[in-house]
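Participant: Below is the file data.cif, with mmCIF, C-alpha atoms.
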```cif
data_model
loop_
_atom_site.label_atom_id
_atom_site.label_comp_id
_atom_site.auth_asym_id
_atom_site.auth_seq_id
_atom_site.Cartn_x
_atom_site.Cartn_y
_atom_site.Cartn_z
CA MET U 1 74.13 -14.90 63.23
CA LYS U 2 72.54 -13.72 59.98
CA LYS U 3 69.72 -15.54 58.28
CA ILE U 4 70.54 -17.44 55.12
CA ASP U 5 70.47 -15.33 51.95
CA LYS U 6 67.64 -16.35 49.65
CA PRO U 7 69.67 -16.49 46.39
CA HIS U 8 72.06 -19.01 47.99
CA ASP U 9 69.19 -20.96 49.47
CA LYS U 10 67.23 -21.15 46.22
CA LEU U 11 70.24 -22.07 44.08
CA PHE U 12 71.38 -24.86 46.41
CA LYS U 13 67.85 -26.26 46.68
CA GLU U 14 67.34 -26.13 42.92
CA VAL U 15 70.60 -27.98 42.22
CA MET U 16 70.89 -30.50 45.05
CA GLY U 17 67.12 -31.02 45.27
CA ASP U 18 67.30 -32.66 41.83
CA ILE U 19 67.87 -36.35 42.48
CA GLU U 20 70.06 -36.97 39.40
CA THR U 21 72.31 -34.00 40.25
CA ALA U 22 72.53 -35.16 43.87
CA LYS U 23 73.56 -38.64 42.70
CA SER U 24 76.22 -37.05 40.50
CA PHE U 25 77.59 -35.09 43.47
CA ILE U 26 77.65 -38.16 45.74
CA GLN U 27 79.39 -40.26 43.09
CA HIS U 28 82.03 -37.67 42.20
CA TYR U 29 82.77 -35.86 45.45
CA LEU U 30 82.29 -38.15 48.42
CA PRO U 31 85.30 -40.26 49.45
CA PRO U 32 85.65 -43.31 47.13
CA LYS U 33 85.70 -45.64 50.15
CA ILE U 34 82.19 -44.39 51.02
CA VAL U 35 80.86 -44.25 47.44
CA ARG U 36 81.60 -47.94 46.89
CA LEU U 37 79.36 -48.79 49.87
CA ILE U 38 76.38 -46.77 48.60
CA ASP U 39 73.71 -48.33 46.43
CA SER U 40 73.25 -45.42 43.97
CA GLU U 41 69.82 -46.71 42.87
CA SER U 42 68.56 -46.41 46.45
CA ILE U 43 69.26 -42.65 46.79
CA ALA U 44 66.08 -40.77 47.69
CA ILE U 45 65.33 -37.34 49.13
CA GLU U 46 63.94 -37.39 52.68
CA THR U 47 61.05 -34.93 52.68
CA ASP U 48 60.52 -34.70 56.46
CA SER U 49 62.24 -31.82 58.22
CA TYR U 50 64.54 -32.79 61.06
CA LEU U 51 65.67 -29.28 61.95
CA GLU U 52 64.47 -27.76 65.19
CA LYS U 53 62.42 -24.60 64.58
CA ASP U 54 65.04 -22.22 66.00
CA LEU U 55 67.73 -23.74 63.76
CA SER U 56 65.70 -23.97 60.54
CA GLU U 57 65.53 -20.16 60.39
CA TYR U 58 69.28 -19.99 59.81
CA PHE U 59 70.28 -23.11 57.88
CA PHE U 60 69.08 -24.87 54.79
CA ASP U 61 69.63 -28.59 54.64
CA LEU U 62 68.87 -31.58 52.45
CA LEU U 63 68.70 -35.09 53.78
CA PHE U 64 69.12 -38.11 51.52
CA ARG U 65 68.22 -41.66 52.48
CA VAL U 66 70.52 -44.29 50.95
CA LYS U 67 71.37 -47.95 51.43
CA MET U 68 74.91 -48.67 52.56
CA GLN U 69 75.93 -52.32 52.75
CA GLN U 70 72.20 -53.19 52.56
CA GLU U 71 71.50 -51.08 55.65
CA GLU U 72 69.45 -47.88 55.86
CA ALA U 73 71.69 -44.82 56.28
CA TYR U 74 71.59 -41.09 55.65
CA VAL U 75 73.77 -38.68 53.73
CA TYR U 76 73.16 -35.34 55.42
CA LEU U 77 74.03 -32.32 53.30
CA LEU U 78 74.34 -29.00 55.09
CA PHE U 79 74.88 -25.90 52.93
CA GLU U 80 77.26 -23.65 54.86
CA HIS U 81 77.30 -20.31 53.06
CA LYS U 82 79.28 -18.11 55.45
CA SER U 83 82.38 -16.38 54.14
CA ARG U 84 84.33 -17.20 57.31
CA VAL U 85 85.35 -20.56 58.75
CA ASP U 86 82.91 -21.75 61.41
CA LYS U 87 84.64 -23.81 64.10
CA HIS U 88 81.29 -24.58 65.75
CA VAL U 89 79.77 -26.35 62.75
CA ASN U 90 80.45 -29.85 64.13
CA LEU U 91 78.49 -28.98 67.26
CA GLN U 92 75.58 -27.74 65.10
CA LEU U 93 75.73 -30.89 62.98
CA LEU U 94 75.63 -33.04 66.11
CA GLY U 95 72.40 -31.27 67.06
CA TYR U 96 70.89 -32.06 63.65
CA MET U 97 72.01 -35.68 63.84
CA THR U 98 70.47 -36.03 67.30
CA SER U 99 67.18 -34.65 65.93
CA ILE U 100 67.18 -37.34 63.23
CA TRP U 101 68.01 -40.11 65.66
CA LYS U 102 65.25 -39.00 68.06
CA LYS U 103 62.69 -39.45 65.30
CA THR U 104 63.91 -42.95 64.42
CA VAL U 105 63.54 -44.36 67.94
CA PRO U 106 62.66 -47.15 68.82
CA ARG U 107 64.19 -48.51 65.60
CA PRO U 108 67.97 -49.01 65.47
CA LEU U 109 69.76 -45.72 64.80
CA PRO U 110 70.84 -45.16 61.18
CA VAL U 111 74.37 -44.20 60.18
CA ILE U 112 74.55 -40.50 59.23
CA LEU U 113 77.24 -39.12 56.93
CA PRO U 114 77.37 -35.31 57.36
CA VAL U 115 78.78 -33.21 54.52
CA VAL U 116 79.55 -29.50 54.89
CA PHE U 117 79.58 -27.24 51.81
CA TYR U 118 81.95 -24.32 52.26
CA GLN U 119 82.37 -21.52 49.71
CA GLY U 120 84.46 -18.91 51.52
CA ARG U 121 87.85 -17.67 50.34
CA GLU U 122 89.71 -18.38 53.57
CA LYS U 123 91.05 -21.92 53.92
CA TRP U 124 88.90 -24.09 56.18
CA GLU U 125 90.98 -24.98 59.23
CA ALA U 126 88.28 -25.94 61.75
CA PRO U 127 88.66 -29.51 63.07
CA GLN U 128 86.56 -32.16 61.30
CA TRP U 129 86.68 -34.59 64.23
CA PHE U 130 84.30 -33.67 67.05
CA SER U 131 86.72 -34.91 69.72
CA ASN U 132 89.18 -32.19 68.68
CA ARG U 133 86.82 -29.62 70.19
CA PHE U 134 87.85 -30.84 73.65
CA SER U 135 90.99 -29.34 75.15
CA ASN U 136 94.06 -31.62 75.15
CA SER U 137 92.03 -34.54 73.73
CA ASP U 138 95.19 -36.03 72.20
CA ARG U 139 96.90 -36.11 75.63
CA MET U 140 93.82 -37.03 77.65
CA ASP U 141 93.92 -40.05 79.92
CA GLY U 142 92.44 -43.15 78.26
CA ASP U 143 89.79 -43.56 80.97
CA LEU U 144 88.51 -40.01 80.34
CA LYS U 145 88.37 -40.55 76.57
CA ASP U 146 85.69 -43.18 77.13
CA TYR U 147 83.28 -40.34 77.92
CA ILE U 148 83.92 -38.25 74.81
CA PRO U 149 81.51 -38.77 71.87
CA ASP U 150 83.16 -38.59 68.48
CA TYR U 151 82.36 -38.36 64.77
CA LYS U 152 83.77 -36.74 61.63
CA TYR U 153 82.08 -34.64 58.96
CA GLU U 154 83.17 -34.57 55.32
CA LEU U 155 84.24 -31.15 54.05
CA PHE U 156 83.51 -29.99 50.51
CA GLU U 157 85.57 -26.82 50.03
CA ILE U 158 84.32 -25.29 46.77
CA SER U 159 86.84 -22.45 46.44
CA SER U 160 89.76 -24.89 46.49
CA LEU U 161 88.44 -26.85 43.47
CA ARG U 162 90.71 -26.67 40.44
CA GLU U 163 89.28 -26.50 36.92
CA GLU U 164 89.99 -30.18 36.21
CA GLU U 165 88.24 -31.18 39.45
CA VAL U 166 84.88 -29.73 38.41
CA LYS U 167 83.04 -32.89 37.32
CA GLY U 168 79.62 -34.45 37.15
CA ALA U 169 76.26 -33.64 35.57
CA LYS U 170 75.95 -30.39 33.60
CA ARG U 171 73.81 -28.60 36.19
CA LEU U 172 76.24 -29.63 38.95
CA ARG U 173 79.23 -28.29 36.97
CA ILE U 174 77.47 -24.98 36.30
CA TYR U 175 76.56 -24.69 39.98
CA LEU U 176 80.12 -25.33 41.16
CA ASP U 177 81.65 -22.92 38.64
CA VAL U 178 79.09 -20.24 39.55
CA LEU U 179 80.09 -20.57 43.21
CA ARG U 180 83.79 -20.59 42.34
CA LEU U 181 83.40 -17.27 40.50
CA ARG U 182 82.81 -15.57 43.85
CA ALA U 183 86.19 -16.69 45.20
CA LEU U 184 88.35 -16.27 42.07
CA GLU U 185 90.78 -13.38 41.70
CA GLY U 186 92.14 -11.96 38.46
CA LYS U 187 90.24 -11.09 35.27
CA GLU U 188 91.72 -13.91 33.22
CA ALA U 189 90.70 -16.63 35.71
CA ILE U 190 87.20 -15.19 36.06
CA GLN U 191 86.68 -14.89 32.30
CA GLU U 192 87.88 -18.47 31.79
CA VAL U 193 85.27 -19.80 34.21
CA MET U 194 82.57 -17.53 32.74
CA LEU U 195 83.29 -18.98 29.30
CA ARG U 196 82.98 -22.52 30.63
CA VAL U 197 79.70 -21.65 32.38
CA THR U 198 78.38 -20.17 29.12
CA VAL U 199 79.31 -23.25 27.07
CA THR U 200 77.77 -25.66 29.60
CA ILE U 201 74.56 -23.58 29.80
CA SER U 202 74.30 -23.76 26.00
CA GLU U 203 74.37 -27.57 26.26
CA LEU U 204 71.34 -27.69 28.57
CA PRO U 205 68.12 -28.70 26.80
CA GLN U 206 65.45 -25.99 27.07
CA THR U 207 63.17 -27.81 29.49
CA GLU U 208 61.03 -26.07 32.10
CA ALA U 209 63.30 -27.35 34.91
CA ASN U 210 66.46 -26.13 33.16
CA GLU U 211 64.97 -22.69 32.46
CA ARG U 212 64.02 -22.35 36.14
CA PHE U 213 67.55 -23.40 37.10
CA PHE U 214 68.99 -20.81 34.65
CA GLN U 215 66.82 -18.06 36.12
CA ILE U 216 67.87 -18.84 39.72
CA CYS U 217 71.55 -18.96 38.63
CA MET U 218 71.24 -15.51 37.09
CA ILE U 219 69.59 -14.10 40.21
CA TYR U 220 72.46 -15.50 42.30
CA LEU U 221 75.09 -14.08 39.93
CA PHE U 222 73.42 -10.66 39.89
CA ASP U 223 73.56 -10.71 43.68
CA THR U 224 77.23 -11.72 43.90
CA MET U 225 79.03 -10.45 40.75
CA GLY U 226 80.08 -6.93 39.91
CA THR U 227 78.16 -5.15 37.14
CA GLU U 228 81.13 -5.35 34.74
CA TYR U 229 81.46 -9.14 34.97
CA PHE U 230 77.69 -9.68 34.88
CA GLN U 231 77.53 -7.72 31.62
CA GLN U 232 80.49 -9.66 30.19
CA LEU U 233 78.72 -12.92 31.00
CA SER U 234 75.62 -11.65 29.21
CA GLU U 235 77.68 -10.81 26.11
CA LEU U 236 79.31 -14.26 26.18
CA LEU U 237 75.92 -15.89 26.52
CA LYS U 238 74.64 -13.97 23.49
CA THR U 239 77.21 -15.80 21.31
CA VAL U 240 75.56 -19.15 22.07
CA SER U 241 71.96 -18.21 22.90
CA GLU U 242 70.50 -14.78 22.19
CA GLU U 243 67.24 -15.86 23.85
CA ARG U 244 68.93 -16.71 27.16
CA SER U 245 71.02 -13.56 27.02
CA GLU U 246 67.80 -11.52 26.70
CA LYS U 247 66.29 -13.42 29.63
CA MET U 248 69.41 -12.62 31.65
CA GLN U 249 69.02 -8.90 30.92
CA THR U 250 65.30 -9.01 31.76
CA ILE U 251 66.07 -10.61 35.11
CA ALA U 252 68.76 -7.97 35.77
CA ASP U 253 66.34 -5.12 34.93
CA MET U 254 63.74 -6.51 37.32
CA LEU U 255 66.26 -6.95 40.12
CA ARG U 256 67.60 -3.42 39.67
CA GLN U 257 64.06 -2.06 39.84
CA GLU U 258 63.42 -4.15 42.94
CA GLY U 259 66.58 -2.74 44.52
CA MET U 260 65.43 0.81 43.80
CA GLU U 261 62.08 0.07 45.38
CA LYS U 262 63.70 -1.39 48.47
CA GLY U 263 65.77 1.79 48.78
CA ILE U 264 62.64 3.90 48.52
CA LEU U 265 60.88 1.76 51.13
CA LYS U 266 63.87 2.00 53.46
CA GLY U 267 63.84 5.77 53.20
CA ARG U 268 60.14 5.76 53.82
CA GLU U 269 60.58 3.67 56.96
CA GLU U 270 63.17 6.14 58.21
CA GLY U 271 60.61 8.87 58.63
CA LEU U 272 59.22 10.34 55.42
CA GLU U 273 55.86 12.02 55.83
CA LYS U 274 52.65 10.33 54.70
CA GLY U 275 52.06 12.70 51.79
CA MET U 276 55.51 11.93 50.42
CA GLU U 277 54.93 8.22 50.94
CA LYS U 278 51.89 8.26 48.67
CA GLY U 279 53.73 10.19 46.01
CA MET U 280 56.67 7.81 46.12
CA GLU U 281 54.41 4.77 45.98
CA LYS U 282 52.72 6.20 42.90
CA GLY U 283 56.09 6.98 41.34
CA MET U 284 57.24 3.44 42.10
CA GLU U 285 54.19 2.01 40.31
CA ILE U 286 54.79 4.25 37.28
CA GLY U 287 58.47 3.19 37.18
CA ARG U 288 57.49 -0.47 37.21
CA GLU U 289 54.88 0.01 34.47
CA GLU U 290 57.35 1.79 32.19
CA LEU U 291 60.08 -0.80 32.76
CA LEU U 292 57.69 -3.66 32.05
CA TRP U 293 56.38 -1.93 28.91
CA LYS U 294 59.98 -1.56 27.63
CA GLN U 295 60.54 -5.27 28.21
CA ILE U 296 57.28 -6.16 26.42
CA SER U 297 58.11 -3.85 23.48
CA LYS U 298 61.57 -5.40 23.17
CA LYS U 299 60.22 -8.96 23.20
CA PHE U 300 57.14 -8.25 21.07
CA PRO U 301 57.90 -5.17 18.88
CA LYS U 302 54.41 -5.18 17.35
CA ALA U 303 52.60 -5.25 20.72
CA SER U 304 49.65 -2.86 20.88
CA LYS U 305 50.03 0.29 23.03
CA LYS U 306 46.70 -0.52 24.62
CA TYR U 307 48.62 -3.05 26.70
CA PHE U 308 50.50 -0.15 28.30
CA GLU U 309 47.18 1.39 29.38
CA LYS U 310 46.22 -1.95 30.89
CA LEU U 311 49.52 -2.09 32.80
CA LYS U 312 48.57 1.15 34.55
CA THR U 313 45.59 -0.60 36.17
CA LEU U 314 47.64 -3.43 37.70
CA THR U 315 48.96 -3.56 41.26
CA ILE U 316 52.71 -3.81 41.93
CA GLU U 317 52.25 -7.47 42.88
CA LYS U 318 50.55 -8.24 39.54
CA LEU U 319 53.19 -6.28 37.63
CA ASP U 320 55.89 -8.34 39.35
CA ALA U 321 54.13 -11.62 38.52
CA LEU U 322 53.67 -10.60 34.89
CA GLY U 323 57.35 -9.60 34.63
CA LEU U 324 58.45 -13.07 35.70
CA GLU U 325 55.99 -14.82 33.37
CA LEU U 326 57.09 -12.61 30.47
CA ILE U 327 60.52 -14.26 30.55
CA ASP U 328 59.06 -17.57 29.32
CA MET U 329 56.37 -16.25 26.95
CA LYS U 330 56.76 -17.52 23.39
CA ASN U 331 54.27 -15.30 21.54
CA GLU U 332 52.01 -12.30 21.89
CA GLU U 333 48.95 -14.49 22.37
CA GLU U 334 50.27 -15.55 25.79
CA LEU U 335 50.71 -11.88 26.70
CA LYS U 336 47.19 -11.11 25.49
CA LYS U 337 45.72 -13.62 27.98
CA HIS U 338 47.18 -11.58 30.85
CA LEU U 339 46.28 -8.11 29.60
CA MET U 340 42.86 -8.47 27.95
#
```
Let me see the file written as C-alpha cells.

Facilitator:
Amino acid sequence: MKKIDKPHDKLFKEVMGDIETAKSFIQHYLPPKIVRLIDSESIAIETDSYLEKDLSEYFFDLLFRVKMQQEEAYVYLLFEHKSRVDKHVNLQLLGYMTSIWKKTVPRPLPVILPVVFYQGREKWEAPQWFSNRFSNSDRMDGDLKDYIPDYKYELFEISSLREEEVKGAKRLRIYLDVLRLRALEGKEAIQEVMLRVTVTISELPQTEANERFFQICMIYLFDTMGTEYFQQLSELLKTVSEERSEKMQTIADMLRQEGMEKGILKGREEGLEKGMEKGMEKGMEIGREELLWKQISKKFPKASKKYFEKLKTLTIEKLDALGLELIDMKNEEELKKHLM
C-alpha cells in the first residue's frame, strides 16, 4: 500500500478543511434524507485525531461534528485517492469508527456517517453494506445473522459527476472540476472543464486564503496533467487574470526545477562518487539561483543585478523559501527586505 501523495492530501485538506466549503459539500452531496436531519449551523471540524498511528501514515481524514435531530453525531470524511476500487474500504472505515467510539466511552456512542471520496476512472463496484463482505449473507440463516455487525458508507464518486451536477461554493466547484479533469477523455471535454475552472477561478476574490488555494490547485494540476493541457490552462487563465497566469508559470518552473534536483539526487544515491556529488550539488545551487533570478527579473524588470550576487550566497533551502514568497510579492520593496 503506497503512502498518500502530498498534492492530493494538501488539496483535499485545503478545500474540505474550510468550514464553509465543507458545509456546501454536505448540503449538496449527502443524501437529502440525511441533510434534512443536520443542523447546518452546528457543523464544526473535530481537531482531535482518531486514526491509529499505523493507519494515519496512509490515509488523510477529516472529521466533522454535527447535530442530527438535536443529538451529537459525526460526519466522517475519508479521502480515498486510489485509482482502483478498494473492496476493503468498509473494513478500514469500521476500524476508524471503532477508534472514535473508544474515545467517547463512557458517554453514549455517537452516530457516525462515513463518506468515501473516490476519484478513479473505473466504476466503483465494491459493496457499501458491511454485511455484504460475508459469504452468502443474503442466504444466511436468521439466527446466524444476529452475529453480523452491519453499517453502510456513502459513496461520492467524483469521476461519474456530470457537468450539471457540479454544484456548491466556488472553491468546491473548482476542486471537483480539477479532480474530474484527471478522469476525462477527449480534448473537447477536457477543454470545456478547463474553461469552467478558469472562469470560476477568476470569480474568486484575491484573499490570502484563495491565493493559497490557487497555488495548491496548480501544484496538483502540474502533478496530474500533461504538459500540453497545463500550458493550455495557463493560456486560458491569462485571458481573465494575467497575474494568476504568471503565478501558475512560476509554480511550474519551481516544480520542474525540483523534479530535476530529485533526479540528480536519485542518481547520486545510486552510487556517484563523492567528488561528483559536490560538483552536482554546486551545479544544482547555480541552476536554482539562475532560475530564481529569471523569475525576479520577469516580475520586477528594474531589479538591481546586485540581488543576483546576493542570491549566490543563499542556501538551497533559503532559495526555495524565497521562490515561494516571490509569488505573492507586490513590489520591489518586499524583495529588498529579503535580499539586503

Participant: For the structure provided, state which residues fall under the PyMOL selection byres ((chain U and resi 160) around 10), and present them as a PyMOL selection string.

Facilitator: chain U and resi 118-124+156-159+161-163+165+180+183-184

Participant: For the provided coordinates, the residues matched by the PyMOL selection byres ((chain U and resi 323) around 10) should be stated as an MDAnalysis selection string.

Facilitator: chainID U and resid 250:251 254 288:289 291:293 295:296 317:322 324:328

Participant: Just how far from atom CA of Tyr147 of chain U is atom CA of Thr98 of chain U, in Å to one decimal?

Facilitator: 17.2 Å

Participant: Please report the interatomic distance between atom CA of Tyr229 of chain U and atom CA of Arg182 of chain U in Å with one decimal.

Facilitator: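 Taking atom CA of Tyr229 of chain U and atom CA of Arg182 of chain U, their separation equals 11.0 Å.
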
Participant: I'd like the residues picked by the PyMOL selection byres ((chain U and resi 132-137) around 12) written out as an MDAnalysis selection string, using the chain letters and numbers from the file.

Facilitator: chainID U and resid 87:91 126:131 138:152

Participant: Could you tell me how far atom CA of Gln92 of chain U lies from atom CA of Val75 of chain U, in Å and to one decimal?

Facilitator: 15.9 Å

Participant: Select, from U:Ala252, U:Leu172, U:Leu181, U:Leu237, the residue with the minimum atom-to-atom distance to Thr198 of chain U, counting all atoms listed in the file.

Facilitator: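 So, comparing all the options, the nearest one is U:Leu237.
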
Participant: Here is a test: counting all atoms listed in the file, which residue of U:Met68, U:Val105, U:Met329, U:Val116 is nearest to Asp86 of chain U?

Facilitator: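 Smallest separation from Asp86 of chain U among the options: U:Val116.
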
Participant: With distances taken over only C-alpha atoms, which of U:Glu188, U:Gln27, U:Tyr175, U:Val111 is nearest to Tyr220 of chain U?

Facilitator: U:Tyr175

Participant: Write out as a ChimeraX atom specification the residues lying within 9 Å of Lys167 of chain U, counting only C-alpha atoms and excluding same-chain residues fewer than 4 positions away.

Facilitator: /U:24-25,28-29,163,172-173,176
